[in-house]
Amino acid sequence: MQLGTGLFTAQRRPDDDREASERYDEILTLTREIEDAGLDSAWVSEHHFADDGYLSATMPTLGAMAAVTDDLEIGSCVALGPLYDPIRLAEDAATVDLLSAGRLTLGLAIGSNPREFDVFGVPRAERAARLADLVSFLRGAWSEGELAYDAEFYDVPTDVSITPKPVGGEVPIMLGGAAKPAVRRAARTAEGWCAPSSLSVEGVRKRVEDIRTVREQEGLEDDFTVYVLQHGWVGDSREEAWETMCDGYLYLQRRYQEIFSGESVDELDEERKQELKAQAIFGTPGQVLEDLEAYREAVGDDVHVILRTYHPGVGTEEMIECVRRLGDEVAPELR
């Protein structure tokens, strides 16, 4: 069982008066700490046009993270696939993979926010088809020789050779999403699937069972990684851990509600706050370990949990301490 953390978003909470450059420097500081702590991975997320500065440029950020680490898996969880020019994504992802000596995992999903699609000029109705087309395009772009793939949504000649090529000829692709078509798309076309934080352990188990069935039916025997995204914190007690992460976590969830709906949300209602608290994994190292072990019991030893401890507005030193405790007191017990 592997354990990573993030997801870096560089958001500015209303009570955070730091410059954007300081928030991005914080990302690199935390990335170094994640590797030093012996954790397995660090991740960024992506959204656009947010007034709190939500991180929009995944590949440059991942390139910087690659430059300050040596062994850490780095990745996007997730990049909004339908919004990308496929040539630029193929080039940029391959470049980050080369800079990191093959440590990049490219996480992609269909996206949701109506404004993002409107501004990029991409019809939301096409997002699932565009993601599927993008994955096929990337496979062709990273293979040796000419592209040899006729893209459905982009007028790209099939006789071009897109460079550079990633380490080993391919960047592992992980696809997100909880709906059955998204899960089965990942099973058939990707090297991994990421379970969103809204899914229960049982929900994850059912979807992994479906993935294994699909891959068996398709005769797919290559390695496939199940990632599980969850929010959390390690502290001296359950109460102290929740108090530390609460404001940043609920702020993030309120912003996500706005992003997914395209409508303004002034405050989460109390019922929603309690639901989110029940979903999160927080407490002493032992309590966190117990909750993480539930995923191992549900889907097996090869699960990779991304415990999201980067919550906007929580102090850098507090986040460093949490990362170190994950590395010292939680991760060794999972291996």
# chains A, B, ... in the order shown; residues from 1 in each chain; ligands from 1
call {"tool": "residues_around", "arguments": {"residues": "range 272-279 of chain A", "least_positions_apart": "5", "cutoff": "12 Å", "atoms": "only C-alpha atoms", "output": "JSON, numbers by chain"}}
result
{"A": [196, 197, 198, 199, 200, 201, 229, 230, 231, 232, 233, 238, 239, 241, 242, 243, 245, 246, 247, 249, 250, 251, 252, 253, 254, 257, 267, 291, 307]}
call {"tool": "write_last_selection", "arguments": {"atoms": "N, CA and C atoms", "output": "PDB file, in the first residue's frame"}}
result
ATOM      1  N   PRO A 196     -12.782   9.371  -6.323  1.00  0.00           N
ATOM      2  CA  PRO A 196     -12.952  10.687  -5.685  1.00  0.00           C
ATOM      3  C   PRO A 196     -13.264  10.551  -4.207  1.00  0.00           C
ATOM      4  N   SER A 197     -13.025  11.621  -3.470  1.00  0.00           N
ATOM      5  CA  SER A 197     -13.181  11.588  -2.020  1.00  0.00           C
ATOM      6  C   SER A 197     -14.618  11.361  -1.572  1.00  0.00           C
ATOM      7  N   SER A 198     -15.574  11.610  -2.460  1.00  0.00           N
ATOM      8  CA  SER A 198     -16.980  11.433  -2.095  1.00  0.00           C
ATOM      9  C   SER A 198     -17.389   9.971  -2.000  1.00  0.00           C
ATOM     10  N   LEU A 199     -16.594   9.067  -2.550  1.00  0.00           N
ATOM     11  CA  LEU A 199     -16.950   7.650  -2.514  1.00  0.00           C
ATOM     12  C   LEU A 199     -16.629   7.030  -1.159  1.00  0.00           C
ATOM     13  N   SER A 200     -17.532   6.205  -0.669  1.00  0.00           N
ATOM     14  CA  SER A 200     -17.270   5.439   0.548  1.00  0.00           C
ATOM     15  C   SER A 200     -16.303   4.299   0.239  1.00  0.00           C
ATOM     16  N   VAL A 201     -15.788   3.677   1.264  1.00  0.00           N
ATOM     17  CA  VAL A 201     -14.918   2.523   1.075  1.00  0.00           C
ATOM     18  C   VAL A 201     -15.651   1.442   0.283  1.00  0.00           C
ATOM     19  N   LEU A 229      -8.491   9.099  -3.425  1.00  0.00           N
ATOM     20  CA  LEU A 229      -8.308  10.462  -2.928  1.00  0.00           C
ATOM     21  C   LEU A 229      -9.176  10.683  -1.697  1.00  0.00           C
ATOM     22  N   GLN A 230      -8.564  11.196  -0.640  1.00  0.00           N
ATOM     23  CA  GLN A 230      -9.324  11.509   0.566  1.00  0.00           C
ATOM     24  C   GLN A 230      -8.666  12.692   1.271  1.00  0.00           C
ATOM     25  N   HIS A 231      -9.469  13.451   2.004  1.00  0.00           N
ATOM     26  CA  HIS A 231      -8.954  14.586   2.775  1.00  0.00           C
ATOM     27  C   HIS A 231      -8.634  14.140   4.192  1.00  0.00           C
ATOM     28  N   GLY A 232      -7.572  14.728   4.770  1.00  0.00           N
ATOM     29  CA  GLY A 232      -7.256  14.301   6.120  1.00  0.00           C
ATOM     30  C   GLY A 232      -6.215  15.147   6.824  1.00  0.00           C
ATOM     31  N   TRP A 233      -5.867  14.676   8.014  1.00  0.00           N
ATOM     32  CA  TRP A 233      -4.878  15.372   8.839  1.00  0.00           C
ATOM     33  C   TRP A 233      -4.426  14.450   9.962  1.00  0.00           C
ATOM     34  N   ARG A 238      -8.073  13.464  17.786  1.00  0.00           N
ATOM     35  CA  ARG A 238      -9.048  13.645  16.716  1.00  0.00           C
ATOM     36  C   ARG A 238      -9.588  15.076  16.726  1.00  0.00           C
ATOM     37  N   GLU A 239      -9.841  15.609  17.905  1.00  0.00           N
ATOM     38  CA  GLU A 239     -10.384  16.958  18.023  1.00  0.00           C
ATOM     39  C   GLU A 239      -9.381  17.995  17.515  1.00  0.00           C
ATOM     40  N   ALA A 241      -6.877  17.537  15.413  1.00  0.00           N
ATOM     41  CA  ALA A 241      -6.678  17.388  13.975  1.00  0.00           C
ATOM     42  C   ALA A 241      -7.803  18.069  13.198  1.00  0.00           C
ATOM     43  N   TRP A 242      -9.037  17.861  13.647  1.00  0.00           N
ATOM     44  CA  TRP A 242     -10.173  18.475  12.959  1.00  0.00           C
ATOM     45  C   TRP A 242     -10.120  20.000  13.078  1.00  0.00           C
ATOM     46  N   GLU A 243      -9.777  20.496  14.244  1.00  0.00           N
ATOM     47  CA  GLU A 243      -9.705  21.945  14.439  1.00  0.00           C
ATOM     48  C   GLU A 243      -8.676  22.576  13.500  1.00  0.00           C
ATOM     49  N   MET A 245      -7.548  21.376  10.463  1.00  0.00           N
ATOM     50  CA  MET A 245      -7.867  21.263   9.045  1.00  0.00           C
ATOM     51  C   MET A 245      -9.216  21.850   8.667  1.00  0.00           C
ATOM     52  N   CYS A 246     -10.089  22.049   9.647  1.00  0.00           N
ATOM     53  CA  CYS A 246     -11.500  22.336   9.401  1.00  0.00           C
ATOM     54  C   CYS A 246     -11.731  23.531   8.487  1.00  0.00           C
ATOM     55  N   ASP A 247     -11.182  24.689   8.826  1.00  0.00           N
ATOM     56  CA  ASP A 247     -11.485  25.900   8.055  1.00  0.00           C
ATOM     57  C   ASP A 247     -11.012  25.785   6.609  1.00  0.00           C
ATOM     58  N   TYR A 249     -10.358  23.000   4.896  1.00  0.00           N
ATOM     59  CA  TYR A 249     -11.092  21.908   4.246  1.00  0.00           C
ATOM     60  C   TYR A 249     -12.481  22.358   3.821  1.00  0.00           C
ATOM     61  N   LEU A 250     -13.206  23.016   4.715  1.00  0.00           N
ATOM     62  CA  LEU A 250     -14.561  23.448   4.381  1.00  0.00           C
ATOM     63  C   LEU A 250     -14.540  24.592   3.367  1.00  0.00           C
ATOM     64  N   TYR A 251     -13.515  25.450   3.451  1.00  0.00           N
ATOM     65  CA  TYR A 251     -13.374  26.481   2.422  1.00  0.00           C
ATOM     66  C   TYR A 251     -13.205  25.829   1.055  1.00  0.00           C
ATOM     67  N   LEU A 252     -12.324  24.848   0.986  1.00  0.00           N
ATOM     68  CA  LEU A 252     -12.067  24.150  -0.271  1.00  0.00           C
ATOM     69  C   LEU A 252     -13.340  23.498  -0.800  1.00  0.00           C
ATOM     70  N   GLN A 253     -14.098  22.882   0.070  1.00  0.00           N
ATOM     71  CA  GLN A 253     -15.320  22.199  -0.365  1.00  0.00           C
ATOM     72  C   GLN A 253     -16.391  23.189  -0.824  1.00  0.00           C
ATOM     73  N   ARG A 254     -16.443  24.337  -0.172  1.00  0.00           N
ATOM     74  CA  ARG A 254     -17.385  25.365  -0.638  1.00  0.00           C
ATOM     75  C   ARG A 254     -17.003  25.836  -2.033  1.00  0.00           C
ATOM     76  N   GLN A 257     -17.985  23.272  -4.552  1.00  0.00           N
ATOM     77  CA  GLN A 257     -19.424  23.301  -4.841  1.00  0.00           C
ATOM     78  C   GLN A 257     -19.727  24.383  -5.872  1.00  0.00           C
ATOM     79  N   GLU A 267     -22.140  29.846   1.867  1.00  0.00           N
ATOM     80  CA  GLU A 267     -21.832  29.042   3.044  1.00  0.00           C
ATOM     81  C   GLU A 267     -22.382  27.633   2.850  1.00  0.00           C
ATOM     82  N   ASP A 291      -8.216   3.998   9.523  1.00  0.00           N
ATOM     83  CA  ASP A 291      -9.094   4.348   8.403  1.00  0.00           C
ATOM     84  C   ASP A 291      -8.461   4.005   7.058  1.00  0.00           C
ATOM     85  N   LEU A 307      -3.753  11.089   0.484  1.00  0.00           N
ATOM     86  CA  LEU A 307      -4.399  11.732   1.629  1.00  0.00           C
ATOM     87  C   LEU A 307      -4.135  13.228   1.528  1.00  0.00           C
TER      88      LEU A 307
END
call {"tool": "select_by_dssp", "arguments": {"residues": "range 51-183 of chain A", "states": "helix (DSSP H, G or I)", "output": "MDAnalysis selection string"}}
result
chainID A and resid 58:67 81:83 86:99 114:120 124:142 167:169 180:183
call {"tool": "write_last_selection", "arguments": {"atoms": "C-alpha atoms", "output": "short mmCIF file (atom, residue, chain, number, x, y, z; two decimals), in the first residue's frame"}}
result
data_model
loop_
_atom_site.label_atom_id
_atom_site.label_comp_id
_atom_site.auth_asym_id
_atom_site.auth_seq_id
_atom_site.Cartn_x
_atom_site.Cartn_y
_atom_site.Cartn_z
CA THR A 58 -0.30 21.80 -13.93
CA MET A 59 2.68 21.03 -16.17
CA PRO A 60 4.91 23.99 -15.17
CA THR A 61 4.21 23.30 -11.51
CA LEU A 62 4.98 19.61 -11.89
CA GLY A 63 8.18 20.50 -13.72
CA ALA A 64 9.27 22.63 -10.78
CA MET A 65 8.35 19.82 -8.38
CA ALA A 66 10.44 17.42 -10.46
CA ALA A 67 13.43 19.73 -10.16
CA GLY A 81 -8.41 16.72 -20.30
CA PRO A 82 -11.00 18.20 -22.68
CA LEU A 83 -9.57 21.71 -22.21
CA PRO A 86 -3.43 17.55 -27.40
CA ILE A 87 -0.08 18.33 -29.04
CA ARG A 88 0.94 20.72 -26.28
CA LEU A 89 -0.15 18.30 -23.57
CA ALA A 90 1.76 15.44 -25.21
CA GLU A 91 4.88 17.62 -25.46
CA ASP A 92 4.61 19.13 -21.99
CA ALA A 93 3.86 15.87 -20.18
CA ALA A 94 6.73 14.12 -21.96
CA THR A 95 9.05 16.99 -20.99
CA VAL A 96 8.06 16.79 -17.32
CA ASP A 97 8.51 13.03 -17.46
CA LEU A 98 12.04 13.49 -18.82
CA LEU A 99 12.87 16.14 -16.21
CA PRO A 114 -19.59 25.46 -17.15
CA ARG A 115 -17.54 28.67 -17.21
CA GLU A 116 -14.30 26.84 -17.89
CA PHE A 117 -15.82 25.11 -20.90
CA ASP A 118 -17.43 28.32 -22.16
CA VAL A 119 -14.23 30.34 -21.99
CA PHE A 120 -12.14 27.61 -23.60
CA ARG A 124 -19.53 20.39 -22.35
CA ALA A 125 -21.61 17.78 -24.19
CA GLU A 126 -18.41 16.58 -25.88
CA ARG A 127 -16.26 16.27 -22.77
CA ALA A 128 -16.36 12.48 -22.35
CA ALA A 129 -15.71 11.89 -26.05
CA ARG A 130 -12.92 14.48 -26.04
CA LEU A 131 -11.21 12.80 -23.09
CA ALA A 132 -11.33 9.40 -24.77
CA ASP A 133 -9.95 10.96 -27.97
CA LEU A 134 -7.19 12.70 -26.01
CA VAL A 135 -6.01 9.47 -24.38
CA SER A 136 -5.77 7.78 -27.79
CA PHE A 137 -3.95 10.80 -29.18
CA LEU A 138 -1.39 10.76 -26.36
CA ARG A 139 -0.67 7.08 -26.97
CA GLY A 140 0.00 7.83 -30.61
CA ALA A 141 2.05 10.94 -29.87
CA TRP A 142 4.36 9.11 -27.46
CA VAL A 167 10.95 7.89 -20.52
CA GLY A 168 10.15 4.34 -21.56
CA GLY A 169 7.97 5.62 -24.39
CA LYS A 180 -19.74 3.64 -14.29
CA PRO A 181 -18.75 4.86 -17.79
CA ALA A 182 -15.80 6.80 -16.33
CA VAL A 183 -14.63 3.85 -14.25
#
call {"tool": "closest_atom_pairs", "arguments": {"of": "range 286-315 of chain A", "to": "range 7-27 of chain A", "cutoff": "12 Å", "atoms": "only C-alpha atoms", "output": "CSV"}}
result
residue,atom,partner,partner_atom,distance
A:Ile306,CA,A:Leu7,CA,8.3
A:Leu307,CA,A:Leu7,CA,8.5
A:Arg308,CA,A:Leu7,CA,5.7
A:Thr309,CA,A:Leu7,CA,7.4
A:Tyr310,CA,A:Leu7,CA,5.9
A:His311,CA,A:Leu7,CA,8.4
A:Pro312,CA,A:Gln11,CA,5.8
A:Gly313,CA,A:Arg13,CA,5.8
A:Val314,CA,A:Asp16,CA,9.4
A:Gly315,CA,A:Asp16,CA,9.8
call {"tool": "closest_atom_pairs", "arguments": {"of": "range 95-159 of chain A", "to": "range 30-42 of chain A", "cutoff": "12 Å", "atoms": "only C-alpha atoms", "output": "Markdown table"}}
result
| residue | atom | partner | partner_atom | distance |
| --- | --- | --- | --- | --- |
| A:Arg103 | CA | A:Ser41 | CA | 9.3 |
| A:Leu104 | CA | A:Ser41 | CA | 9.7 |
| A:Thr105 | CA | A:Ser41 | CA | 9.7 |
call {"tool": "residues_around", "arguments": {"residues": "Ala187 in chain A", "least_positions_apart": "5", "cutoff": "9 Å", "atoms": "only C-alpha atoms", "output": "list in words"}}
result
Leu175, Ala182, Gly192, Trp193, Asp210, Ile211, Arg212, Val214, Arg215, Leu220 and Phe224 of chain A
call {"tool": "closest_residue", "arguments": {"among": "A:Arg205, A:Ser100, A:Glu318, A:Trp43", "to": "Thr69 in chain A", "atoms": "only C-alpha atoms"}}
result
A:Ser100
call {"tool": "atom_distance", "arguments": {"atom1": "CA of Val323 in chain A", "atom2": "CA of Tyr295 in chain A"}}
result
20.1 Å
call {"tool": "closest_residue", "arguments": {"among": "A:Asp223, A:Val68, A:Asp328, A:Thr284", "to": "Leu28 in chain A", "atoms": "only C-alpha atoms"}}
result
A:Val68
call {"tool": "closest_residue", "arguments": {"among": "A:Leu3, A:Arg255, A:Glu191, A:Ala50", "to": "Glu333 in chain A", "atoms": "only C-alpha atoms"}}
result
A:Leu3
call {"tool": "select_by_dssp", "arguments": {"residues": "range 8-215 of chain A", "states": "strand (DSSP E or B)", "output": "PyMOL selection string"}}
result
chain A and resi 8+41-44+73-76+79-80+104-109+173-176+192-195
call {"tool": "closest_residue", "arguments": {"among": "A:Arg296, A:Arg185, A:Glu221, A:Ile259", "to": "Asn113 in chain A", "atoms": "only C-alpha atoms"}}
result
A:Ile259
call {"tool": "closest_residue", "arguments": {"among": "A:Val234, A:Gly283, A:Pro332, A:Tyr84", "to": "Leu108 in chain A", "atoms": "only C-alpha atoms"}}
result
A:Tyr84
call {"tool": "atom_distance", "arguments": {"atom1": "CA of Ile281 in chain A", "atom2": "CA of Gly235 in chain A"}}
result
11.2 Å
call {"tool": "closest_residue", "arguments": {"among": "A:Met174, A:Ala57, A:Ala179, A:Val44", "to": "Val226 in chain A", "atoms": "only C-alpha atoms"}}
result
A:Met174
call {"tool": "decode", "arguments": {"residues": "range 193-211 of chain A", "atoms": "N, CA, C and O atoms", "output": "compact mmCIF listing (two decimals), in the first residue's frame"}}
result
# COMPACT_ATOMS: atom_id res chain seq x y z
N TRP A 193 -6.88 4.31 -12.05
CA TRP A 193 -8.14 5.00 -11.81
C TRP A 193 -8.06 5.64 -10.43
O TRP A 193 -7.48 5.06 -9.50
N CYS A 194 -8.62 6.86 -10.30
CA CYS A 194 -8.65 7.54 -9.01
C CYS A 194 -10.07 7.66 -8.50
O CYS A 194 -10.94 8.23 -9.18
N ALA A 195 -10.31 7.13 -7.31
CA ALA A 195 -11.61 7.24 -6.67
C ALA A 195 -11.74 8.60 -6.01
O ALA A 195 -10.88 8.99 -5.21
N PRO A 196 -12.78 9.37 -6.32
CA PRO A 196 -12.95 10.69 -5.68
C PRO A 196 -13.26 10.55 -4.21
O PRO A 196 -13.73 9.51 -3.74
N SER A 197 -13.03 11.62 -3.47
CA SER A 197 -13.18 11.59 -2.02
C SER A 197 -14.62 11.36 -1.57
O SER A 197 -14.86 10.96 -0.44
N SER A 198 -15.57 11.61 -2.46
CA SER A 198 -16.98 11.43 -2.10
C SER A 198 -17.39 9.97 -2.00
O SER A 198 -18.44 9.65 -1.43
N LEU A 199 -16.59 9.07 -2.55
CA LEU A 199 -16.95 7.65 -2.51
C LEU A 199 -16.63 7.03 -1.16
O LEU A 199 -15.56 7.25 -0.60
N SER A 200 -17.53 6.20 -0.67
CA SER A 200 -17.27 5.44 0.55
C SER A 200 -16.30 4.30 0.24
O SER A 200 -16.04 3.98 -0.92
N VAL A 201 -15.79 3.68 1.26
CA VAL A 201 -14.92 2.52 1.08
C VAL A 201 -15.65 1.44 0.28
O VAL A 201 -15.09 0.83 -0.63
N GLU A 202 -16.91 1.22 0.60
CA GLU A 202 -17.70 0.22 -0.12
C GLU A 202 -17.90 0.64 -1.57
O GLU A 202 -17.86 -0.20 -2.49
N GLY A 203 -18.09 1.94 -1.81
CA GLY A 203 -18.22 2.43 -3.17
C GLY A 203 -16.96 2.19 -3.97
O GLY A 203 -17.01 1.82 -5.15
N VAL A 204 -15.81 2.39 -3.34
CA VAL A 204 -14.54 2.12 -4.00
C VAL A 204 -14.41 0.63 -4.30
O VAL A 204 -14.03 0.23 -5.41
N ARG A 205 -14.76 -0.20 -3.33
CA ARG A 205 -14.64 -1.65 -3.51
C ARG A 205 -15.47 -2.12 -4.71
O ARG A 205 -14.99 -2.91 -5.54
N LYS A 206 -16.71 -1.65 -4.82
CA LYS A 206 -17.58 -2.07 -5.92
C LYS A 206 -17.00 -1.66 -7.28
O LYS A 206 -17.05 -2.43 -8.25
N ARG A 207 -16.45 -0.47 -7.35
CA ARG A 207 -15.91 -0.01 -8.62
C ARG A 207 -14.62 -0.73 -8.99
O ARG A 207 -14.38 -1.01 -10.16
N VAL A 208 -13.81 -1.05 -7.99
CA VAL A 208 -12.60 -1.81 -8.28
C VAL A 208 -12.95 -3.22 -8.74
O VAL A 208 -12.31 -3.78 -9.64
N GLU A 209 -13.97 -3.78 -8.17
CA GLU A 209 -14.44 -5.08 -8.63
C GLU A 209 -14.88 -5.01 -10.09
O GLU A 209 -14.58 -5.92 -10.89
N ASP A 210 -15.57 -3.94 -10.45
CA ASP A 210 -15.98 -3.74 -11.84
C ASP A 210 -14.77 -3.58 -12.75
O ASP A 210 -14.71 -4.13 -13.87
N ILE A 211 -13.77 -2.80 -12.31
CA ILE A 211 -12.55 -2.61 -13.09
C ILE A 211 -11.88 -3.95 -13.36
O ILE A 211 -11.48 -4.25 -14.51
